[in-house]
$ cat start26.txt   # compact mmCIF, C-alpha atoms and all ligand atoms
# COMPACT_ATOMS: atom_id res chain seq x y z
CA MET L 1 102.64 68.81 174.85
CA THR L 2 103.32 65.48 173.22
CA ARG L 3 103.22 62.47 175.48
CA ALA L 4 106.32 60.30 175.73
CA TYR L 5 105.76 56.60 175.10
CA ALA L 6 108.10 53.80 176.10
CA VAL L 7 107.36 52.19 172.72
CA ASP L 8 105.80 54.17 169.91
CA LEU L 9 104.21 51.95 167.28
CA LEU L 10 101.80 54.54 165.90
CA SER L 11 103.53 54.75 162.52
CA ASP L 12 106.83 54.25 160.72
CA THR L 13 106.77 57.98 159.93
CA LEU L 14 107.88 58.77 163.50
CA THR L 15 111.58 58.05 163.00
CA ARG L 16 113.98 60.87 163.69
CA PRO L 17 117.00 61.44 161.44
CA SER L 18 120.14 59.81 162.83
CA ALA L 19 123.42 61.66 163.39
CA GLY L 20 124.82 60.16 160.18
CA MET L 21 121.80 61.27 158.19
CA ARG L 22 122.01 64.77 159.64
CA SER L 23 125.70 64.97 158.68
CA ALA L 24 124.88 63.91 155.12
CA MET L 25 122.18 66.59 154.99
CA ALA L 26 124.55 69.26 156.28
CA ALA L 27 127.18 68.36 153.71
CA ALA L 28 124.83 68.18 150.70
CA GLU L 29 125.67 70.09 147.55
CA VAL L 30 122.64 72.21 146.65
CA GLY L 31 121.23 74.52 143.98
CA ASP L 32 117.86 75.95 142.95
CA ASP L 33 115.79 72.91 142.07
CA VAL L 34 113.04 74.94 140.38
CA PHE L 35 115.70 75.77 137.77
CA GLY L 36 116.81 72.12 137.77
CA GLU L 37 120.11 73.08 139.41
CA ASP L 38 120.20 71.00 142.58
CA PRO L 39 122.67 68.17 141.93
CA THR L 40 121.66 66.18 145.01
CA VAL L 41 117.98 66.21 144.07
CA ALA L 42 118.92 65.18 140.52
CA ARG L 43 121.00 62.31 141.90
CA LEU L 44 118.15 61.08 144.09
CA GLU L 45 115.60 61.30 141.27
CA ALA L 46 117.86 59.41 138.86
CA ARG L 47 118.74 56.76 141.43
CA VAL L 48 115.16 56.01 142.42
CA ALA L 49 114.01 55.99 138.77
CA GLU L 50 116.72 53.47 137.92
CA LEU L 51 115.94 51.30 140.94
CA LEU L 52 112.31 51.15 139.84
CA GLY L 53 113.03 50.54 136.16
CA HIS L 54 111.69 53.90 134.95
CA GLU L 55 113.14 56.73 132.87
CA ALA L 56 112.74 59.65 135.24
CA GLY L 57 111.85 60.67 138.79
CA LEU L 58 110.42 63.70 140.57
CA PHE L 59 111.16 64.59 144.20
CA THR L 60 108.07 65.64 146.16
CA PRO L 61 107.66 66.70 149.78
CA THR L 62 105.01 64.04 150.47
CA GLY L 63 103.74 60.69 149.31
CA SER L 64 100.29 62.18 148.95
CA LEU L 65 101.55 64.71 146.42
CA ALA L 66 103.49 62.04 144.49
CA ASN L 67 100.33 59.93 144.35
CA GLN L 68 98.06 62.76 143.35
CA LEU L 69 100.44 63.88 140.60
CA GLY L 70 100.49 60.28 139.39
CA LEU L 71 96.70 60.09 139.33
CA ARG L 72 96.23 63.30 137.41
CA LEU L 73 98.75 62.28 134.76
CA HIS L 74 96.50 59.40 133.78
CA VAL L 75 92.94 60.53 134.52
CA THR L 76 91.25 63.55 132.96
CA PRO L 77 88.23 65.15 134.69
CA GLY L 78 85.10 63.02 134.47
CA ARG L 79 86.97 59.75 134.12
CA GLU L 80 87.70 57.38 136.97
CA VAL L 81 90.34 55.60 138.96
CA ILE L 82 89.45 52.22 140.47
CA ALA L 83 91.16 51.07 143.65
CA ASP L 84 90.78 49.10 146.87
CA SER L 85 88.24 50.62 149.28
CA MET L 86 91.04 50.91 151.86
CA ALA L 87 93.53 52.49 149.42
CA HIS L 88 95.47 55.39 150.91
CA ILE L 89 94.94 57.46 147.73
CA LEU L 90 91.16 57.41 148.22
CA ARG L 91 90.74 57.02 151.95
CA ALA L 92 93.50 59.11 153.47
CA GLU L 93 94.38 61.87 151.01
CA LEU L 94 91.34 64.00 151.83
CA GLY L 95 89.55 63.65 148.51
CA ALA L 96 92.45 65.24 146.62
CA ALA L 97 91.73 63.32 143.40
CA ALA L 98 88.25 64.82 143.25
CA ALA L 99 89.10 68.21 144.73
CA PHE L 100 92.12 68.94 142.52
CA SER L 101 91.71 66.78 139.44
CA GLY L 102 87.98 66.16 138.90
CA ILE L 103 88.60 62.42 139.17
CA THR L 104 85.80 60.07 140.21
CA SER L 105 86.48 56.71 141.75
CA ARG L 106 84.99 53.30 142.41
CA THR L 107 86.35 50.70 144.74
CA TRP L 108 86.55 46.99 145.27
CA ILE L 109 86.38 45.39 148.72
CA SER L 110 89.34 43.22 149.65
CA GLN L 111 90.55 40.98 152.40
CA ARG L 112 93.49 42.80 154.00
CA GLY L 113 94.33 44.63 150.78
CA ARG L 114 94.77 41.46 148.73
CA VAL L 115 94.10 41.80 145.01
CA LEU L 116 91.96 39.36 143.02
CA PRO L 117 92.69 40.19 139.36
CA ASP L 118 89.27 39.08 138.07
CA GLN L 119 87.52 41.26 140.64
CA VAL L 120 89.57 44.28 139.62
CA LEU L 121 89.27 43.72 135.89
CA SER L 122 85.52 43.14 136.05
CA LEU L 123 85.12 46.59 137.62
CA MET L 124 86.76 48.34 134.64
CA VAL L 125 84.54 50.25 132.22
CA VAL L 126 86.09 50.37 128.79
CA GLY L 127 84.79 52.16 125.71
CA THR L 128 82.38 55.04 125.91
CA ASP L 129 78.63 55.43 125.96
CA VAL L 130 76.50 58.27 127.27
CA TYR L 131 76.11 56.85 130.77
CA HIS L 132 79.14 55.15 132.17
CA VAL L 133 82.27 56.74 133.55
CA PRO L 134 85.24 55.35 131.63
CA THR L 135 88.03 53.79 133.68
CA ALA L 136 91.35 55.47 132.98
CA LEU L 137 93.45 54.07 135.82
CA ILE L 138 93.85 51.17 138.20
CA ALA L 139 95.71 52.11 141.38
CA LEU L 140 97.29 49.45 143.60
CA GLU L 141 99.12 49.76 146.93
CA ASN L 142 102.14 47.63 147.88
CA THR L 143 102.60 47.01 150.73
CA HIS L 144 99.04 47.75 151.78
CA ASN L 145 98.94 50.04 154.79
CA PHE L 146 95.41 49.65 156.16
CA GLY L 147 95.37 46.02 155.03
CA GLY L 148 98.21 45.38 157.51
CA GLY L 149 101.42 45.57 155.48
CA THR L 150 100.11 43.07 152.93
CA ILE L 151 102.43 42.30 150.02
CA LEU L 152 100.99 42.03 146.50
CA PRO L 153 102.57 39.12 144.63
CA LEU L 154 104.21 39.95 141.32
CA ASP L 155 102.11 37.49 139.31
CA THR L 156 98.91 39.02 140.68
CA ILE L 157 100.01 42.48 139.56
CA ALA L 158 101.08 41.06 136.19
CA ALA L 159 97.61 39.52 135.72
CA VAL L 160 95.97 42.90 136.36
CA ARG L 161 98.39 44.52 133.91
CA ALA L 162 97.74 41.90 131.25
CA GLY L 163 93.99 42.41 131.53
CA SER L 164 94.00 46.21 131.59
CA GLN L 165 96.77 47.28 129.20
CA PRO L 166 95.01 46.13 126.00
CA HIS L 167 92.14 48.47 126.93
CA GLY L 168 94.43 51.47 127.39
CA VAL L 169 93.80 51.55 131.15
CA ALA L 170 96.93 52.78 132.94
CA MET L 171 98.30 51.56 136.28
CA HIS L 172 99.70 53.57 139.21
CA LEU L 173 101.36 52.06 142.27
CA ASP L 174 101.24 53.68 145.67
CA GLY L 175 104.56 52.20 146.71
CA ALA L 176 105.01 54.19 149.92
CA ARG L 177 106.30 50.91 151.40
CA LEU L 178 107.39 49.11 148.23
CA TRP L 179 110.82 48.92 149.89
CA ASN L 180 109.31 46.60 152.51
CA ALA L 181 107.81 44.34 149.83
CA HIS L 182 111.19 44.18 148.08
CA ILE L 183 113.09 43.30 151.27
CA ALA L 184 110.51 40.77 152.44
CA THR L 185 110.30 38.90 149.12
CA GLY L 186 113.65 39.54 147.42
CA VAL L 187 111.76 40.60 144.27
CA GLU L 188 113.68 43.38 142.52
CA LEU L 189 112.17 46.84 142.84
CA ALA L 190 112.30 47.22 139.06
CA ALA L 191 110.32 43.99 138.58
CA TYR L 192 107.47 45.60 140.50
CA GLY L 193 108.08 49.03 138.99
CA ARG L 194 107.96 47.97 135.35
CA LEU L 195 104.40 46.68 135.72
CA PHE L 196 103.16 50.25 136.34
CA ASP L 197 103.04 53.48 134.34
CA THR L 198 103.89 55.49 137.44
CA VAL L 199 105.07 54.56 140.93
CA SER L 200 105.34 56.67 144.07
CA VAL L 201 107.74 55.69 146.84
CA CYS L 202 108.27 57.29 150.26
CA LEU L 203 111.61 57.97 151.90
CA SER L 204 109.93 59.16 155.10
CA LYS L 205 108.44 55.85 156.27
CA GLY L 206 110.57 52.82 157.17
CA LEU L 207 113.63 54.30 155.44
CA GLY L 208 113.79 56.95 158.13
CA ALA L 209 114.20 60.21 156.18
CA PRO L 210 112.39 63.21 157.69
CA ILE L 211 110.59 64.08 154.44
CA GLY L 212 110.38 63.14 150.82
CA SER L 213 108.87 60.93 148.18
CA VAL L 214 109.69 60.26 144.55
CA LEU L 215 107.29 59.74 141.65
CA VAL L 216 108.76 57.78 138.74
CA GLY L 217 107.51 57.27 135.20
CA SER L 218 108.41 57.97 131.59
CA ALA L 219 110.48 61.08 130.85
CA ALA L 220 107.39 62.71 129.27
CA ALA L 221 105.15 61.88 132.23
CA ILE L 222 107.65 63.25 134.73
CA ARG L 223 108.10 66.45 132.67
CA GLU L 224 104.35 66.99 132.97
CA ALA L 225 104.34 66.09 136.67
CA ARG L 226 107.08 68.68 137.24
CA VAL L 227 104.82 71.38 135.79
CA TRP L 228 101.92 70.30 137.99
CA ARG L 229 104.12 70.13 141.10
CA LYS L 230 105.06 73.78 140.51
CA ARG L 231 101.45 74.70 139.80
CA TYR L 232 100.45 73.19 143.16
CA GLY L 233 103.09 75.38 144.81
CA ALA L 234 105.52 72.58 145.57
CA GLY L 235 108.43 73.70 143.41
CA MET L 236 111.27 73.67 145.91
CA ARG L 237 114.62 75.45 145.98
CA GLN L 238 117.79 74.22 147.75
CA VAL L 239 116.23 70.92 148.82
CA GLY L 240 119.34 68.90 148.19
CA ILE L 241 119.61 68.96 151.99
CA LEU L 242 116.40 66.89 152.05
CA ALA L 243 117.29 64.71 149.07
CA ALA L 244 120.59 63.91 150.84
CA ALA L 245 118.58 62.35 153.66
CA GLY L 246 116.83 60.16 151.09
CA LEU L 247 120.11 59.07 149.50
CA TYR L 248 121.53 58.31 152.94
CA ALA L 249 118.39 56.32 153.78
CA LEU L 250 118.78 54.21 150.62
CA ASP L 251 122.41 53.52 151.47
CA HIS L 252 121.91 52.69 155.16
CA ASN L 253 118.31 51.85 155.97
CA LEU L 254 116.98 49.67 153.15
CA ALA L 255 118.40 46.25 154.02
CA ARG L 256 117.63 46.76 157.71
CA LEU L 257 113.87 46.78 157.00
CA ALA L 258 114.25 43.02 157.49
CA ASP L 259 114.79 43.77 161.21
CA ASP L 260 111.43 45.56 161.38
CA HIS L 261 109.75 42.60 159.70
CA ALA L 262 111.38 40.14 162.10
CA ARG L 263 110.30 42.21 165.12
CA ALA L 264 106.72 42.52 163.88
CA GLN L 265 106.72 38.73 163.47
CA ARG L 266 108.26 38.23 166.94
CA PHE L 267 105.52 40.42 168.45
CA ALA L 268 102.76 38.62 166.53
CA GLN L 269 103.99 35.20 167.64
CA ALA L 270 104.22 36.26 171.29
CA VAL L 271 100.70 37.73 171.27
CA ALA L 272 99.18 34.90 169.21
CA ALA L 273 100.50 32.37 171.74
CA LYS L 274 98.28 34.01 174.39
CA ALA L 275 95.31 35.50 172.51
CA PRO L 276 93.73 34.66 169.15
CA VAL L 277 93.77 38.24 167.85
CA VAL L 278 96.48 37.91 165.24
CA ASP L 279 97.65 35.18 162.87
CA PRO L 280 101.45 35.45 162.51
CA ALA L 281 101.16 34.00 158.99
CA GLU L 282 99.30 37.16 158.01
CA VAL L 283 102.11 39.44 159.22
CA GLU L 284 104.08 39.93 156.01
CA SER L 285 106.13 43.05 156.69
CA ASN L 286 106.38 45.73 159.42
CA ILE L 287 102.68 46.16 160.28
CA VAL L 288 100.60 44.10 162.70
CA ILE L 289 96.84 44.37 162.98
CA LEU L 290 95.05 43.01 166.04
CA ASP L 291 91.58 41.78 165.12
CA LEU L 292 89.32 42.29 168.15
CA ALA L 293 86.06 41.21 166.50
CA GLN L 294 85.81 38.26 168.92
CA HIS L 295 87.33 40.10 171.89
CA PRO L 296 85.27 41.86 174.58
CA ARG L 297 87.27 45.10 174.37
CA SER L 298 86.99 47.61 171.55
CA ALA L 299 89.96 48.91 169.58
CA ALA L 300 89.62 52.31 171.29
CA GLU L 301 89.70 50.67 174.74
CA VAL L 302 92.74 48.59 173.86
CA VAL L 303 94.56 51.62 172.42
CA ALA L 304 93.79 53.66 175.57
CA ASP L 305 94.93 50.86 177.88
CA LEU L 306 98.10 50.33 175.84
CA ALA L 307 98.82 54.06 176.08
CA ASP L 308 98.53 53.85 179.89
CA ARG L 309 101.14 51.09 179.72
CA GLY L 310 103.44 53.25 177.59
CA VAL L 311 102.72 51.74 174.18
CA ARG L 312 101.19 53.82 171.40
CA ALA L 313 99.05 52.07 168.76
CA TYR L 314 96.33 53.20 166.39
CA ALA L 315 92.65 52.19 166.22
CA LEU L 316 92.01 51.56 162.51
CA SER L 317 88.34 50.76 163.12
CA PRO L 318 86.14 49.79 166.12
CA THR L 319 87.64 46.29 166.03
CA ARG L 320 91.12 46.70 164.53
CA VAL L 321 94.30 48.02 166.13
CA ARG L 322 97.40 48.75 164.03
CA LEU L 323 101.00 48.63 165.28
CA VAL L 324 103.90 49.60 163.01
CA TRP L 325 107.59 48.69 163.43
CA HIS L 326 110.36 51.09 162.45
CA LEU L 327 114.02 51.81 163.05
CA ASP L 328 113.52 53.35 166.47
CA VAL L 329 112.03 50.11 167.90
CA ASP L 330 114.46 47.38 169.00
CA ASP L 331 114.01 43.84 170.33
CA ALA L 332 113.60 44.96 173.95
CA ALA L 333 110.93 47.49 172.96
CA THR L 334 109.20 44.78 170.93
CA ASP L 335 109.11 42.44 173.92
CA TYR L 336 107.86 45.25 176.14
CA ALA L 337 105.06 45.92 173.63
CA SER L 338 104.04 42.26 173.41
CA ALA L 339 103.92 41.91 177.22
CA ALA L 340 101.84 45.10 177.46
CA THR L 341 99.49 43.90 174.72
CA ILE L 342 99.01 40.50 176.36
CA ALA L 343 98.24 42.22 179.68
CA THR L 344 95.85 44.67 177.99
CA LEU L 345 93.96 41.81 176.39
CA GLY L 346 93.71 40.10 179.78
CA ALA L 347 95.48 37.09 178.34
CA ALA L 348 98.56 36.84 180.57
C1 LIG O 1 100.32 53.71 151.68
C2 LIG O 1 100.57 55.18 151.83
N1 LIG O 1 100.56 55.96 150.75
C3 LIG O 1 100.79 57.29 150.82
C4 LIG O 1 101.05 57.89 152.03
C5 LIG O 1 101.21 59.38 152.05
O1 LIG O 1 102.44 59.82 152.47
P1 LIG O 1 102.57 61.30 153.10
O2 LIG O 1 102.14 61.21 154.51
O3 LIG O 1 104.03 61.60 152.92
O4 LIG O 1 101.70 62.21 152.29
C6 LIG O 1 101.07 57.11 153.19
C7 LIG O 1 101.34 57.75 154.50
O5 LIG O 1 101.30 57.16 155.54
C8 LIG O 1 100.83 55.72 153.09
O6 LIG O 1 100.82 54.93 154.17
$ encode --input "start26.txt" --output "structure tokens"
Amino acid sequence: MTRAYAVDLLSDTLTRPSAGMRSAMAAAEVGDDVFGEDPTVARLEARVAELLGHEAGLFTPTGSLANQLGLRLHVTPGREVIADSMAHILRAELGAAAAFSGITSRTWISQRGRVLPDQVLSLMVVGTDVYHVPTALIALENTHNFGGGTILPLDTIAAVRAGSQPHGVAMHLDGARLWNAHIATGVELAAYGRLFDTVSVCLSKGLGAPIGSVLVGSAAAIREARVWRKRYGAGMRQVGILAAAGLYALDHNLARLADDHARAQRFAQAVAAKAPVVDPAEVESNIVILDLAQHPRSAAEVVADLADRGVRAYALSPTRVRLVWHLDVDDAATDYASAATIATLGAA
């Protein structure tokens, strides 16, 4: 049986579809998408592609699949992707790039998911010899989940692009939460999107849809991704009912991500006023990480104590606790969570 929490900050994937979203799903026009005949899926794919400044889009059931299709478009077996050591594509997709696509990887170490262009570019291997694995792809993540919702600035991404493109090294963005970066900064989605060859975005995180991601890229790349999606067994039929949830989410839940950011900030400020475990200046979107390196309690102890107080959080490591804001958490729940956290830390 699942336990009921007064405030559930485990993840922004927990949201349940609203009544309005369910109505939109029920009313969706559908067809067999494997034959390209689902008008609602086609509308979602075209809309997301346009928003991100790309030619075409492909609806996938998960962000992991959208990412892994993106990776395999650019990297042939025996070549490599380079990424942050905390990147979701390498750390939390169960080795899919190696298991399915024969892709090897190397990583750079970052502070909270921040990107230093020189560090990234110096890791690239270009040209071929008989020893070194050639770099085919740089993968970035924006916002950065395990980094704590960190936003990658546009000029940083542009510097990586400028240094990699002349060498024929492609770029993929895991944009599961690119929506949050867009709302927090006001930078157009397409301005981010155009700096990458492919981008994946999730509808099932802060946007509140029950399922669904979209991979965007050139028309040719997405044609190829469509073949691979089917080969992996993820060709779907009348999934306009799911795409309708995504379209509804874009219409109703995009601008309101600002509320999640404000509440994460409100929580961080309340906790920081009592215990030096978070710097509000480092809370850039909807994710807060408590750094317990200097605190007597471990992340597991804090998570267990918070659970006893009705607040669910996640231990990212022995010293780091992650809390994620989403559309089912309001101001009162935020204040409840900050009071519980302060009590748990013994800082009241
Ligand atoms: C940054 C990031 N990328 C990709 C994914 C994968 O999405 P899914 O769970 O739909 O496979 C997640 C999921 O939490 C994520 O946080």
$ residues_near_ligand --input "start26.txt" --ligand "ligand LIG 1 (chain O)" --cutoff "10 Å" --atoms "all atoms listed in the file" --output "count of residues only"
45
$ residues_around --input "start26.txt" --residues "Ala191 of chain L" --least-positions-apart "6" --cutoff "12 Å" --atoms "only C-alpha atoms" --output "PDB file with C-alpha atoms, in the coordinates of the input"
ATOM      1  CA  GLU L  50     116.720  53.470 137.920  1.00  0.00           C
ATOM      2  CA  LEU L  51     115.940  51.300 140.940  1.00  0.00           C
ATOM      3  CA  LEU L  52     112.310  51.150 139.840  1.00  0.00           C
ATOM      4  CA  GLY L  53     113.030  50.540 136.160  1.00  0.00           C
ATOM      5  CA  HIS L  54     111.690  53.900 134.950  1.00  0.00           C
ATOM      6  CA  PRO L 153     102.570  39.120 144.630  1.00  0.00           C
ATOM      7  CA  LEU L 154     104.210  39.950 141.320  1.00  0.00           C
ATOM      8  CA  ASP L 155     102.110  37.490 139.310  1.00  0.00           C
ATOM      9  CA  ILE L 157     100.010  42.480 139.560  1.00  0.00           C
ATOM     10  CA  ALA L 158     101.080  41.060 136.190  1.00  0.00           C
ATOM     11  CA  LEU L 178     107.390  49.110 148.230  1.00  0.00           C
ATOM     12  CA  ALA L 181     107.810  44.340 149.830  1.00  0.00           C
ATOM     13  CA  HIS L 182     111.190  44.180 148.080  1.00  0.00           C
ATOM     14  CA  THR L 185     110.300  38.900 149.120  1.00  0.00           C
TER      15      THR L 185
END
$ closest_residue --input "start26.txt" --among "L:Gly208, L:Gly240, L:Pro117, L:Gly102" --to "Asp38 of chain L" --atoms "only C-alpha atoms"
L:Gly240
$ closest_residue --input "start26.txt" --among "L:Ala258, L:Val34, L:Thr104, L:His132" --to "Gly235 of chain L" --atoms "all atoms listed in the file"
L:Val34
$ closest_residue --input "start26.txt" --among "L:Asp335, L:Leu290, L:Glu301, L:Thr135" --to "Arg320 of chain L" --atoms "only C-alpha atoms"
L:Leu290
$ closest_residue --input "start26.txt" --among "L:Ile241, L:Val30, L:Leu257, L:Ala159" --to "Trp179 of chain L" --atoms "only C-alpha atoms"
L:Leu257
$ closest_residue --input "start26.txt" --among "L:Ala299, L:Leu121, L:Ala262, L:Leu58" --to "Ala220 of chain L" --atoms "only C-alpha atoms"
L:Leu58
$ atom_distance --input "start26.txt" --atom1 "atom CA of Ala249 of chain L" --atom2 "atom CA of Leu189 of chain L"
15.8 Å
$ closest_residue --input "start26.txt" --among "L:Ala24, L:Leu250, L:Leu10, L:Val199" --to "Ser218 of chain L" --atoms "only C-alpha atoms"
L:Val199
$ atom_distance --input "start26.txt" --atom1 "atom CA of Tyr248 of chain L" --atom2 "atom CA of Ala28 of chain L"
10.6 Å
$ decode --input "start26.txt" --residues "segment 221-237 of chain L" --atoms "N, CA, C and O atoms" --output "JSON list (two decimals), in the first residue's frame"
[["chain", "number", "residue", "atom", "x", "y", "z"],
["L", 221, "ALA", "N", 16.07, 13.27, -39.26],
["L", 221, "ALA", "CA", 16.41, 12.62, -37.98],
["L", 221, "ALA", "C", 15.16, 12.02, -37.34],
["L", 221, "ALA", "O", 15.19, 10.89, -36.83],
["L", 222, "ILE", "N", 14.06, 12.74, -37.41],
["L", 222, "ILE", "CA", 12.84, 12.24, -36.76],
["L", 222, "ILE", "C", 12.24, 11.07, -37.54],
["L", 222, "ILE", "O", 11.69, 10.13, -36.96],
["L", 223, "ARG", "N", 12.42, 11.08, -38.87],
["L", 223, "ARG", "CA", 11.99, 9.89, -39.66],
["L", 223, "ARG", "C", 12.73, 8.65, -39.17],
["L", 223, "ARG", "O", 12.16, 7.59, -38.97],
["L", 224, "GLU", "N", 14.03, 8.80, -38.96],
["L", 224, "GLU", "CA", 14.84, 7.67, -38.49],
["L", 224, "GLU", "C", 14.45, 7.27, -37.06],
["L", 224, "GLU", "O", 14.35, 6.08, -36.74],
["L", 225, "ALA", "N", 14.21, 8.27, -36.22],
["L", 225, "ALA", "CA", 13.82, 7.98, -34.83],
["L", 225, "ALA", "C", 12.48, 7.23, -34.79],
["L", 225, "ALA", "O", 12.27, 6.36, -33.94],
["L", 226, "ARG", "N", 11.60, 7.55, -35.74],
["L", 226, "ARG", "CA", 10.29, 6.88, -35.79],
["L", 226, "ARG", "C", 10.47, 5.39, -36.07],
["L", 226, "ARG", "O", 9.80, 4.54, -35.49],
["L", 227, "VAL", "N", 11.42, 5.07, -36.94],
["L", 227, "VAL", "CA", 11.71, 3.66, -37.24],
["L", 227, "VAL", "C", 12.24, 2.96, -35.98],
["L", 227, "VAL", "O", 11.80, 1.86, -35.62],
["L", 228, "TRP", "N", 13.17, 3.63, -35.30],
["L", 228, "TRP", "CA", 13.75, 3.01, -34.11],
["L", 228, "TRP", "C", 12.72, 2.89, -32.98],
["L", 228, "TRP", "O", 12.72, 1.92, -32.23],
["L", 229, "ARG", "N", 11.85, 3.88, -32.86],
["L", 229, "ARG", "CA", 10.80, 3.78, -31.82],
["L", 229, "ARG", "C", 9.97, 2.52, -32.05],
["L", 229, "ARG", "O", 9.67, 1.77, -31.12],
["L", 230, "LYS", "N", 9.63, 2.26, -33.31],
["L", 230, "LYS", "CA", 8.82, 1.06, -33.63],
["L", 230, "LYS", "C", 9.64, -0.20, -33.37],
["L", 230, "LYS", "O", 9.14, -1.20, -32.84],
["L", 231, "ARG", "N", 10.92, -0.14, -33.73],
["L", 231, "ARG", "CA", 11.78, -1.31, -33.53],
["L", 231, "ARG", "C", 11.90, -1.66, -32.04],
["L", 231, "ARG", "O", 11.99, -2.83, -31.67],
["L", 232, "TYR", "N", 11.90, -0.64, -31.20],
["L", 232, "TYR", "CA", 11.96, -0.86, -29.75],
["L", 232, "TYR", "C", 10.60, -1.30, -29.19],
["L", 232, "TYR", "O", 10.45, -1.55, -28.00],
["L", 233, "GLY", "N", 9.59, -1.35, -30.03],
["L", 233, "GLY", "CA", 8.27, -1.80, -29.56],
["L", 233, "GLY", "C", 7.43, -0.68, -29.01],
["L", 233, "GLY", "O", 6.46, -0.94, -28.28],
["L", 234, "ALA", "N", 7.77, 0.56, -29.33],
["L", 234, "ALA", "CA", 7.01, 1.69, -28.78],
["L", 234, "ALA", "C", 6.24, 2.44, -29.86],
["L", 234, "ALA", "O", 5.97, 3.63, -29.71],
["L", 235, "GLY", "N", 5.89, 1.74, -30.94],
["L", 235, "GLY", "CA", 4.93, 2.30, -31.88],
["L", 235, "GLY", "C", 3.56, 2.21, -31.21],
["L", 235, "GLY", "O", 3.20, 1.14, -30.71],
["L", 236, "MET", "N", 2.85, 3.30, -31.17],
["L", 236, "MET", "CA", 1.61, 3.31, -30.37],
["L", 236, "MET", "C", 0.42, 3.57, -31.29],
["L", 236, "MET", "O", 0.56, 4.12, -32.37],
["L", 237, "ARG", "N", -0.74, 3.19, -30.86],
["L", 237, "ARG", "CA", -1.93, 3.26, -31.73],
["L", 237, "ARG", "C", -2.74, 4.53, -31.45],
["L", 237, "ARG", "O", -2.30, 5.61, -31.74]]
